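Trainee: Contents of target_19.cif (mmCIF, C-alpha atoms):
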```
data_protein
#
loop_
_atom_site.label_atom_id
_atom_site.label_comp_id
_atom_site.auth_asym_id
_atom_site.auth_seq_id
_atom_site.Cartn_x
_atom_site.Cartn_y
_atom_site.Cartn_z
CA MET Z 26 86.75 -14.47 32.81
CA ALA Z 27 84.08 -14.12 35.49
CA ALA Z 28 80.31 -14.53 35.78
CA THR Z 29 78.84 -12.17 38.35
CA GLY Z 30 75.27 -11.80 39.61
CA VAL Z 31 73.38 -9.57 42.04
CA ASN Z 32 72.13 -10.58 45.49
CA GLY Z 33 68.94 -9.35 47.15
CA ASN Z 34 70.71 -6.43 48.85
CA GLN Z 35 72.26 -4.90 45.70
CA GLY Z 36 75.67 -6.53 46.19
CA PHE Z 37 77.58 -8.51 43.59
CA PHE Z 38 77.65 -12.31 43.78
CA PRO Z 39 80.45 -14.15 41.92
CA PHE Z 40 79.18 -17.34 40.25
CA ALA Z 41 82.40 -18.52 38.62
CA TYR Z 42 85.82 -17.32 37.44
CA ILE Z 43 88.58 -18.89 35.37
CA LEU Z 44 91.97 -18.07 33.90
CA VAL Z 45 92.34 -18.65 30.15
CA PRO Z 46 95.17 -17.95 27.70
CA GLY Z 47 93.09 -15.30 25.93
CA GLU Z 48 89.60 -13.96 25.34
CA ASP Z 49 88.84 -16.12 22.33
CA ILE Z 50 85.98 -18.30 21.11
CA GLU Z 51 87.38 -21.52 22.60
CA GLY Z 52 87.81 -19.93 26.03
CA TRP Z 53 84.28 -18.57 26.12
CA GLU Z 54 82.77 -21.87 24.97
CA TRP Z 55 84.59 -23.82 27.67
CA PHE Z 56 83.60 -21.23 30.29
CA MET Z 57 79.92 -21.20 29.30
CA GLU Z 58 79.72 -25.00 29.29
CA ASN Z 59 80.99 -25.14 32.87
CA LEU Z 60 78.86 -22.17 33.94
CA GLN Z 61 75.77 -24.31 33.38
CA HIS Z 62 76.66 -26.23 36.55
CA CYS Z 63 76.54 -23.01 38.64
CA VAL Z 64 73.10 -21.69 37.65
CA ASP Z 65 69.58 -23.07 37.39
CA SER Z 66 67.07 -23.14 34.52
CA ARG Z 67 65.65 -19.65 35.02
CA PRO Z 68 65.99 -17.09 32.18
CA ILE Z 69 69.34 -15.33 32.20
CA THR Z 70 70.00 -11.73 31.19
CA PHE Z 71 73.35 -11.30 29.44
CA ILE Z 72 74.99 -7.88 29.57
CA THR Z 73 78.05 -8.07 27.39
CA ASN Z 74 80.10 -6.45 24.65
CA ARG Z 75 78.79 -9.24 22.34
CA HIS Z 76 82.12 -10.97 21.90
CA GLU Z 77 82.07 -13.52 19.07
CA GLY Z 78 82.76 -16.34 21.51
CA LEU Z 79 79.73 -15.38 23.61
CA LYS Z 80 77.43 -15.05 20.62
CA LYS Z 81 78.33 -18.58 19.53
CA SER Z 82 78.57 -20.32 22.90
CA ILE Z 83 75.28 -19.05 24.39
CA PRO Z 84 73.00 -20.84 21.86
CA ARG Z 85 75.35 -23.85 21.69
CA CYS Z 86 74.93 -24.42 25.43
CA GLY Z 87 71.15 -24.47 25.04
CA TRP Z 88 70.49 -21.11 26.68
CA VAL Z 89 68.02 -18.62 25.27
CA SER Z 90 69.05 -15.11 26.24
CA LYS Z 91 66.16 -12.86 27.18
CA TYR Z 92 68.12 -9.66 26.67
CA ILE Z 93 71.45 -9.03 24.99
CA ILE Z 94 72.64 -5.47 25.52
CA ASN Z 95 75.56 -4.00 23.61
CA ILE Z 96 77.71 -1.86 25.88
CA ASP Z 97 80.69 0.36 25.17
CA PRO Z 98 83.44 -1.73 23.46
CA LYS Z 99 85.98 -0.19 25.85
CA HIS Z 100 84.46 -2.30 28.65
CA TRP Z 101 85.65 -5.88 28.28
CA GLU Z 102 83.83 -7.02 31.41
CA ASN Z 103 80.88 -9.35 30.90
CA ALA Z 104 78.13 -9.70 33.49
CA PHE Z 105 75.53 -12.45 33.82
CA PHE Z 106 72.34 -11.84 35.76
CA VAL Z 107 70.08 -14.71 36.80
CA GLY Z 108 66.30 -14.41 36.96
CA CYS Z 109 64.37 -11.20 36.41
CA ARG Z 110 66.13 -8.01 35.47
CA TYR Z 111 65.52 -6.32 38.86
CA GLY Z 112 66.44 -3.02 37.28
CA THR Z 113 70.03 -4.06 36.67
CA HIS Z 114 71.03 -3.30 33.08
CA SER Z 115 74.61 -2.03 33.09
CA SER Z 116 78.14 -3.37 33.45
CA THR Z 117 78.53 -1.86 36.93
CA ILE Z 118 78.49 -5.27 38.66
CA ALA Z 119 81.29 -6.63 36.46
CA ASP Z 120 83.29 -3.44 37.05
CA SER Z 121 82.85 -3.84 40.81
CA PHE Z 122 84.13 -7.42 40.74
CA ASN Z 123 87.16 -6.53 38.63
CA ASN Z 124 88.05 -3.58 40.86
CA TRP Z 125 87.61 -5.85 43.88
CA ILE Z 126 90.32 -8.26 42.66
CA LEU Z 127 92.57 -5.56 41.17
CA SER Z 128 95.24 -5.83 43.89
CA GLU Z 129 95.77 -9.56 43.21
CA ARG Z 130 96.17 -9.38 39.43
CA ASP Z 131 99.96 -9.34 39.42
CA LEU Z 132 100.22 -12.70 41.22
CA PRO Z 133 101.21 -15.99 39.56
CA PRO Z 134 98.30 -18.06 38.18
CA ALA Z 135 97.97 -20.51 41.09
CA ALA Z 136 98.29 -17.77 43.71
CA LEU Z 137 95.86 -15.52 41.81
CA VAL Z 138 93.13 -18.17 41.72
CA ASP Z 139 93.67 -18.99 45.38
CA GLU Z 140 93.61 -15.35 46.52
CA ILE Z 141 90.33 -14.75 44.70
CA ARG Z 142 88.92 -17.88 46.36
CA ILE Z 143 89.96 -16.59 49.79
CA LYS Z 144 88.41 -13.18 49.11
CA ILE Z 145 85.13 -14.79 48.05
CA MET Z 146 85.21 -17.15 51.05
CA ARG Z 147 85.77 -14.21 53.43
CA MET Z 148 83.03 -12.14 51.79
CA SER Z 149 80.55 -15.05 51.93
CA ALA Z 150 81.25 -15.60 55.63
CA GLU Z 151 80.74 -11.89 56.40
CA ARG Z 152 77.46 -11.73 54.47
CA ARG Z 153 76.30 -15.00 56.05
CA GLU Z 154 76.73 -13.35 59.44
CA LEU Z 155 74.93 -10.21 58.23
CA GLY Z 156 72.02 -12.34 57.03
CA ARG Z 157 71.64 -13.88 60.48
CA ASN Z 158 71.14 -10.39 61.94
CA TYR Z 159 68.41 -9.38 59.48
CA SER Z 160 65.29 -9.30 61.64
CA ASP Z 161 62.91 -7.88 59.02
CA SER Z 162 61.29 -9.65 56.08
CA LEU Z 163 63.18 -7.50 53.55
CA THR Z 164 66.88 -6.79 53.20
CA PRO Z 165 67.97 -3.36 54.54
CA ILE Z 166 68.22 -1.63 51.14
CA TYR Z 167 64.76 -2.70 50.00
CA LYS Z 168 63.22 -2.10 53.41
CA ALA Z 169 64.39 1.53 53.14
CA LEU Z 170 63.16 1.69 49.53
CA LEU Z 171 59.72 0.43 50.53
CA LYS Z 172 59.49 3.05 53.29
CA SER Z 173 60.54 5.74 50.81
CA HIS Z 174 57.78 4.69 48.39
CA VAL Z 175 55.22 4.76 51.21
CA ASP Z 176 56.25 8.32 52.15
CA ILE Z 177 56.15 9.48 48.51
CA GLY Z 178 52.68 8.07 47.83
CA ARG Z 179 51.09 9.11 51.14
CA PRO Z 180 49.72 12.50 49.89
CA TRP Z 181 48.35 11.03 46.64
CA SER Z 182 44.66 10.21 46.27
CA VAL Z 183 43.61 6.79 44.96
CA THR Z 184 40.36 5.86 43.21
CA GLU Z 185 39.23 2.25 42.99
CA SER Z 186 37.95 1.01 39.63
CA GLY Z 187 37.30 -2.66 40.48
CA ASN Z 188 38.92 -6.09 40.03
CA GLY Z 189 42.14 -4.86 41.65
CA ILE Z 190 42.52 -1.84 39.32
CA TYR Z 191 43.15 1.62 40.79
CA GLU Z 192 43.85 5.09 39.48
CA VAL Z 193 46.53 6.89 41.44
CA HIS Z 194 46.25 10.68 41.25
CA SER Z 195 49.87 11.75 41.51
CA PRO Z 196 51.11 14.83 39.58
CA ILE Z 197 50.52 12.58 36.55
CA SER Z 198 47.80 9.96 37.10
CA HIS Z 199 48.69 6.29 36.57
CA VAL Z 200 46.72 3.06 36.47
CA VAL Z 201 47.76 0.23 38.82
CA ASP Z 202 46.63 -3.37 38.27
CA LEU Z 203 47.31 -5.30 41.46
CA MET Z 204 46.06 -8.61 40.07
CA HIS Z 205 48.69 -8.61 37.29
CA MET Z 206 51.24 -6.51 39.24
CA LYS Z 207 51.41 -3.77 36.61
CA CYS Z 208 51.58 0.01 36.66
CA THR Z 209 51.57 2.41 33.71
CA PHE Z 210 54.59 4.10 35.33
CA GLN Z 211 56.51 0.94 34.22
CA ARG Z 212 58.89 0.99 37.20
CA TRP Z 213 57.20 -2.07 38.72
CA LYS Z 214 57.83 -4.08 35.55
CA VAL Z 215 61.48 -3.07 35.24
CA PHE Z 216 62.56 -3.38 38.89
CA CYS Z 217 60.12 -6.15 39.92
CA PHE Z 218 59.56 -4.08 43.06
CA PRO Z 219 56.36 -2.06 43.72
CA CYS Z 220 56.73 1.60 42.78
CA ALA Z 221 55.23 4.47 44.78
CA HIS Z 222 52.02 4.33 42.70
CA ALA Z 223 51.64 0.61 43.38
CA ILE Z 224 52.30 1.11 47.11
CA ALA Z 225 49.58 3.80 47.24
CA ALA Z 226 47.11 1.41 45.58
CA ILE Z 227 48.13 -1.48 47.87
CA THR Z 228 47.61 0.76 50.92
CA MET Z 229 44.15 1.68 49.61
CA SER Z 230 43.26 -2.00 49.11
CA GLY Z 231 44.32 -2.98 52.63
CA ILE Z 232 46.28 -6.02 51.38
CA GLU Z 233 49.62 -6.90 53.00
CA MET Z 234 52.41 -5.20 50.99
CA LEU Z 235 54.82 -8.13 51.20
CA ARG Z 236 52.43 -10.19 49.06
CA PHE Z 237 53.45 -8.00 46.10
CA VAL Z 238 57.21 -8.15 46.77
CA GLN Z 239 59.35 -10.80 45.06
CA PRO Z 240 61.08 -13.31 47.40
CA TYR Z 241 64.35 -12.20 45.81
CA PHE Z 242 64.29 -9.06 47.99
CA GLY Z 243 63.62 -10.98 51.21
CA SER Z 244 65.99 -11.73 54.07
CA ASN Z 245 65.30 -15.46 53.81
CA ASN Z 246 66.44 -15.48 50.19
CA PHE Z 247 69.57 -13.55 51.16
CA ARG Z 248 70.40 -16.10 53.87
CA HIS Z 249 69.76 -18.97 51.45
CA THR Z 250 72.14 -17.38 48.92
CA TYR Z 251 75.08 -17.52 51.32
CA ALA Z 252 74.14 -20.75 53.12
CA PRO Z 253 76.63 -22.94 51.15
CA THR Z 254 80.15 -22.59 52.49
CA ILE Z 255 83.41 -22.49 50.53
CA ARG Z 256 85.73 -25.14 51.91
CA PRO Z 257 89.34 -24.22 52.83
CA ILE Z 258 92.17 -25.66 50.72
CA PRO Z 259 95.46 -26.40 52.52
CA ASN Z 260 98.60 -25.06 50.83
CA TYR Z 261 101.31 -27.27 52.32
CA GLU Z 262 102.31 -28.51 48.85
CA ARG Z 263 102.67 -25.02 47.38
CA PRO Z 264 105.74 -22.77 47.42
CA GLU Z 265 105.93 -20.17 50.18
CA ALA Z 266 107.10 -17.47 47.76
CA TYR Z 267 107.20 -16.88 44.00
CA GLU Z 268 110.07 -15.53 41.96
CA PRO Z 269 109.53 -12.40 39.82
CA GLU Z 270 109.91 -14.40 36.59
CA GLU Z 271 106.95 -16.57 37.61
CA ARG Z 272 104.50 -13.68 37.57
CA VAL Z 273 101.93 -13.34 34.81
CA LEU Z 274 102.51 -10.43 32.44
CA PRO Z 275 99.89 -8.97 30.09
CA GLY Z 276 100.01 -10.30 26.55
CA ILE Z 277 101.33 -8.36 23.58
CA PRO Z 278 98.37 -6.75 21.79
CA ARG Z 279 97.99 -7.73 18.16
CA PRO Z 280 97.05 -4.97 15.68
CA PRO Z 281 93.80 -5.59 13.81
CA PRO Z 282 94.01 -6.73 10.18
CA ARG Z 283 93.85 -4.32 7.23
CA ARG Z 284 95.28 -0.82 6.96
CA PRO Z 285 94.30 1.46 9.86
CA PRO Z 286 91.83 4.21 8.90
CA LYS Z 287 93.21 7.71 8.41
CA LYS Z 288 89.98 9.58 9.05
CA ARG Z 289 87.74 9.31 12.09
CA ILE Z 290 84.34 7.76 11.46
CA HIS Z 291 81.70 10.40 12.14
CA GLY Z 292 78.50 9.64 14.00
CA ALA Z 293 75.12 9.54 12.30
CA TYR Z 294 74.08 12.94 13.72
CA GLU Z 295 77.51 14.54 13.72
CA LYS Z 296 77.99 17.42 11.29
CA GLU Z 297 81.21 17.51 9.33
CA MET Z 298 83.25 20.66 9.89
CA ARG Z 299 83.32 23.13 7.01
CA PRO Z 300 86.88 23.80 5.79
CA MET Z 301 88.13 27.29 6.68
CA LYS Z 302 90.44 29.59 4.79
CA CYS Z 303 93.09 31.21 6.94
CA SER Z 304 93.37 34.97 6.34
CA ASN Z 305 97.05 34.86 7.29
CA CYS Z 306 98.56 31.99 5.27
CA LYS Z 307 95.70 31.84 2.72
CA ASN Z 308 95.57 28.06 3.01
CA ILE Z 309 92.33 26.04 3.28
CA GLY Z 310 92.24 23.81 6.34
CA ASN Z 311 90.84 23.60 9.84
CA HIS Z 312 92.48 26.66 11.41
CA ASN Z 313 92.15 30.47 11.31
CA LYS Z 314 94.40 33.47 11.90
CA ALA Z 315 94.24 33.15 15.68
CA ILE Z 316 95.90 29.72 15.70
CA CYS Z 317 97.86 29.91 12.45
CA ARG Z 318 101.32 28.37 12.81
CA VAL Z 319 102.82 30.78 10.24
CA LEU Z 320 101.77 33.70 12.40
CA MET Z 321 103.22 32.06 15.48
CA MET Z 322 106.54 31.50 13.74
CA GLU Z 323 106.71 35.14 12.64
#
```
Give the structure from this file in structure tokens form.
Mentor:
Amino acid sequence: MAATGVNGNQGFFPFAYILVPGEDIEGWEWFMENLQHCVDSRPITFITNRHEGLKKSIPRCGWVSKYIINIDPKHWENAFFVGCRYGTHSSTIADSFNNWILSERDLPPAALVDEIRIKIMRMSAERRELGRNYSDSLTPIYKALLKSHVDIGRPWSVTESGNGIYEVHSPISHVVDLMHMKCTFQRWKVFCFPCAHAIAAITMSGIEMLRFVQPYFGSNNFRHTYAPTIRPIPNYERPEAYEPEERVLPGIPRPPPRRPPKKRIHGAYEKEMRPMKCSNCKNIGNHNKAICRVLMME
């Protein structure tokens, strides 16, 4: 199990990870209780497959989830995002973390945990060095995004209404409220980053653009994220090599209770196929003369 967030440069940030015997209610409750020590009191967005253990442990730990999104049941990954949504509402971050540790999954438990720790320690050191080289107020991705929004909104005309409200005449006109940081285009609300309409209105007002950008996207916030260091752990008491029988194998899947269904469950808007009568074998089914097995046998 892993809790993964997003940094201010659109990279994943691992908060915590554990090994448990299975994905059950007890494992999720223990994980969520300890996760409280890794995050602060800001609202948290949960993107999950709504496992029963998560649905019970989230309220029990005193957290109020702002959004709970049901994703495809085939994705077992569960992602936790701290703070505002920042436009992130998919399981991509959890997928990235799991693919990142894929090569270490066949290791024994102790070696697996240690290898993940080393990977995170190496990644934190590399991003700490990157943060020192950021000379601009914004991280590189959002600096480029801001420039792109400026270029998009440059040909648009802007009309001032008063009290920080502007009408931006793009192909479809939108209303921008700088005082409440809102735009009828809704991108500003979802991404917490000024859209092209907002940038056009900010340029018209003459106010510094960075006043309308969340600190989350800033270089200082990025450096603060990776300021804490992960301490090395000596391994002189551990074995130098592991035998094949000590490796962790995937568990045996248990079939669900009750008799398995014989017919596929159709979607709400899916039309049921009309039975056809084959002109060759005269039987009613889901085939015709072109694919009739009797014809093929003859």
Trainee: Record the distance separating atom CA of Z:Glu185 and atom CA of Z:Ser230, expressed in Å with one decimal.
Mentor: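 Atom CA of Z:Ser230 lies 8.5 Å from atom CA of Z:Glu185.
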Trainee: Taking (43.3, 1.1, 37.3) in the file's own coordinates, collect the residues within 12 Å, counting all atoms listed in the file, and hand them back as a list in words.
Mentor: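 Those residues lying close to the given coordinates are Val183, Thr184, Glu185, Ser186, Gly187, Asn188, Gly189, Ile190, Tyr191, Glu192, Val193, His194, Ser198, His199, Val200, Val201, Asp202, Leu203, Met204, His205, Met206, Lys207, Cys208, Thr209, Phe210, His222, Ala223, Ala226 and Ile227 of chain Z.
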Trainee: So how many Å separate atom CA of Z:Arg256 and atom CA of Z:Arg152, to one decimal?
Mentor: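 Distance reported for this atom pair: 16.0 Å.
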Trainee: Quick one: distance from atom CA of Z:Ser82 to atom CA of Z:Ile126 in Å, one decimal?
Mentor: 26.0 Å
Trainee: Using the chain letters and numbering of this document, enumerate as number ranges by chain the residues selected by the PyMOL selection byres ((chain Z and resi 160-163) around 12).
Mentor: Z: 33-34, 155-159, 164-172, 218, 234-236, 238-248
Trainee: Evaluate the PyMOL selection byres ((chain Z and resi 54) around 12) against this structure - the residues, as a list in words, please.
Mentor: Met26, Val45, Glu48, Asp49, Ile50, Glu51, Gly52, Trp53, Trp55, Phe56, Met57, Glu58, Asn59, Leu60, Gln61, His76, Glu77, Gly78, Leu79, Lys80, Lys81, Ser82, Ile83, Pro84, Arg85, Cys86 and Gly87 of chain Z
Trainee: Could you save those same residues with C-alpha atoms as a PDB file, in the frame of the given file?
Mentor:
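What follows is the written file again16.pdb:
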```pdb
ATOM      1  CA  MET Z  26      86.750 -14.470  32.810  1.00  0.00           C
ATOM      2  CA  VAL Z  45      92.340 -18.650  30.150  1.00  0.00           C
ATOM      3  CA  GLU Z  48      89.600 -13.960  25.340  1.00  0.00           C
ATOM      4  CA  ASP Z  49      88.840 -16.120  22.330  1.00  0.00           C
ATOM      5  CA  ILE Z  50      85.980 -18.300  21.110  1.00  0.00           C
ATOM      6  CA  GLU Z  51      87.380 -21.520  22.600  1.00  0.00           C
ATOM      7  CA  GLY Z  52      87.810 -19.930  26.030  1.00  0.00           C
ATOM      8  CA  TRP Z  53      84.280 -18.570  26.120  1.00  0.00           C
ATOM      9  CA  TRP Z  55      84.590 -23.820  27.670  1.00  0.00           C
ATOM     10  CA  PHE Z  56      83.600 -21.230  30.290  1.00  0.00           C
ATOM     11  CA  MET Z  57      79.920 -21.200  29.300  1.00  0.00           C
ATOM     12  CA  GLU Z  58      79.720 -25.000  29.290  1.00  0.00           C
ATOM     13  CA  ASN Z  59      80.990 -25.140  32.870  1.00  0.00           C
ATOM     14  CA  LEU Z  60      78.860 -22.170  33.940  1.00  0.00           C
ATOM     15  CA  GLN Z  61      75.770 -24.310  33.380  1.00  0.00           C
ATOM     16  CA  HIS Z  76      82.120 -10.970  21.900  1.00  0.00           C
ATOM     17  CA  GLU Z  77      82.070 -13.520  19.070  1.00  0.00           C
ATOM     18  CA  GLY Z  78      82.760 -16.340  21.510  1.00  0.00           C
ATOM     19  CA  LEU Z  79      79.730 -15.380  23.610  1.00  0.00           C
ATOM     20  CA  LYS Z  80      77.430 -15.050  20.620  1.00  0.00           C
ATOM     21  CA  LYS Z  81      78.330 -18.580  19.530  1.00  0.00           C
ATOM     22  CA  SER Z  82      78.570 -20.320  22.900  1.00  0.00           C
ATOM     23  CA  ILE Z  83      75.280 -19.050  24.390  1.00  0.00           C
ATOM     24  CA  PRO Z  84      73.000 -20.840  21.860  1.00  0.00           C
ATOM     25  CA  ARG Z  85      75.350 -23.850  21.690  1.00  0.00           C
ATOM     26  CA  CYS Z  86      74.930 -24.420  25.430  1.00  0.00           C
ATOM     27  CA  GLY Z  87      71.150 -24.470  25.040  1.00  0.00           C
TER      28      GLY Z  87
END
```
Trainee: Excluding Z:Asp139 and residues on its chain fewer than 5 positions from it, collect all residues at most 9 Å away from it, counting only C-alpha atoms, and give them as a short mmCIF file (atom, residue, chain, number, x, y, z; two decimals) with C-alpha atoms, keeping the file's coordinate frame.
Mentor:
```cif
data_model
loop_
_atom_site.label_atom_id
_atom_site.label_comp_id
_atom_site.auth_asym_id
_atom_site.auth_seq_id
_atom_site.Cartn_x
_atom_site.Cartn_y
_atom_site.Cartn_z
CA PRO Z 134 98.30 -18.06 38.18
CA LYS Z 144 88.41 -13.18 49.11
CA ILE Z 258 92.17 -25.66 50.72
#
```
Trainee: Just the residues within 9 Å of Z:Ile118, please, counting all atoms listed in the file, with nothing from its chain fewer than 6 positions along; format it as a list in words.
Mentor: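 The neighbour list is Thr29, Gly30, Val31, Gly36, Phe37, Phe38 and Ala104 of chain Z.
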Trainee: Check the smallest atom-to-atom distance from each of Z:Met229, Z:Ile141, Z:Ala150, Z:Ala27 to Z:Thr250 using all atoms listed in the file, then report the winner.
Mentor: Z:Ala150
Trainee: Give me the residues near Z:Cys306 as a list in words, where near means some atom within 10 Å (using only C-alpha atoms) and where sequence neighbours in that chain fewer than 4 positions away do not count.
Mentor: Lys302, Asn313, Lys314, Cys317, Arg318, Val319 and Leu320 of chain Z
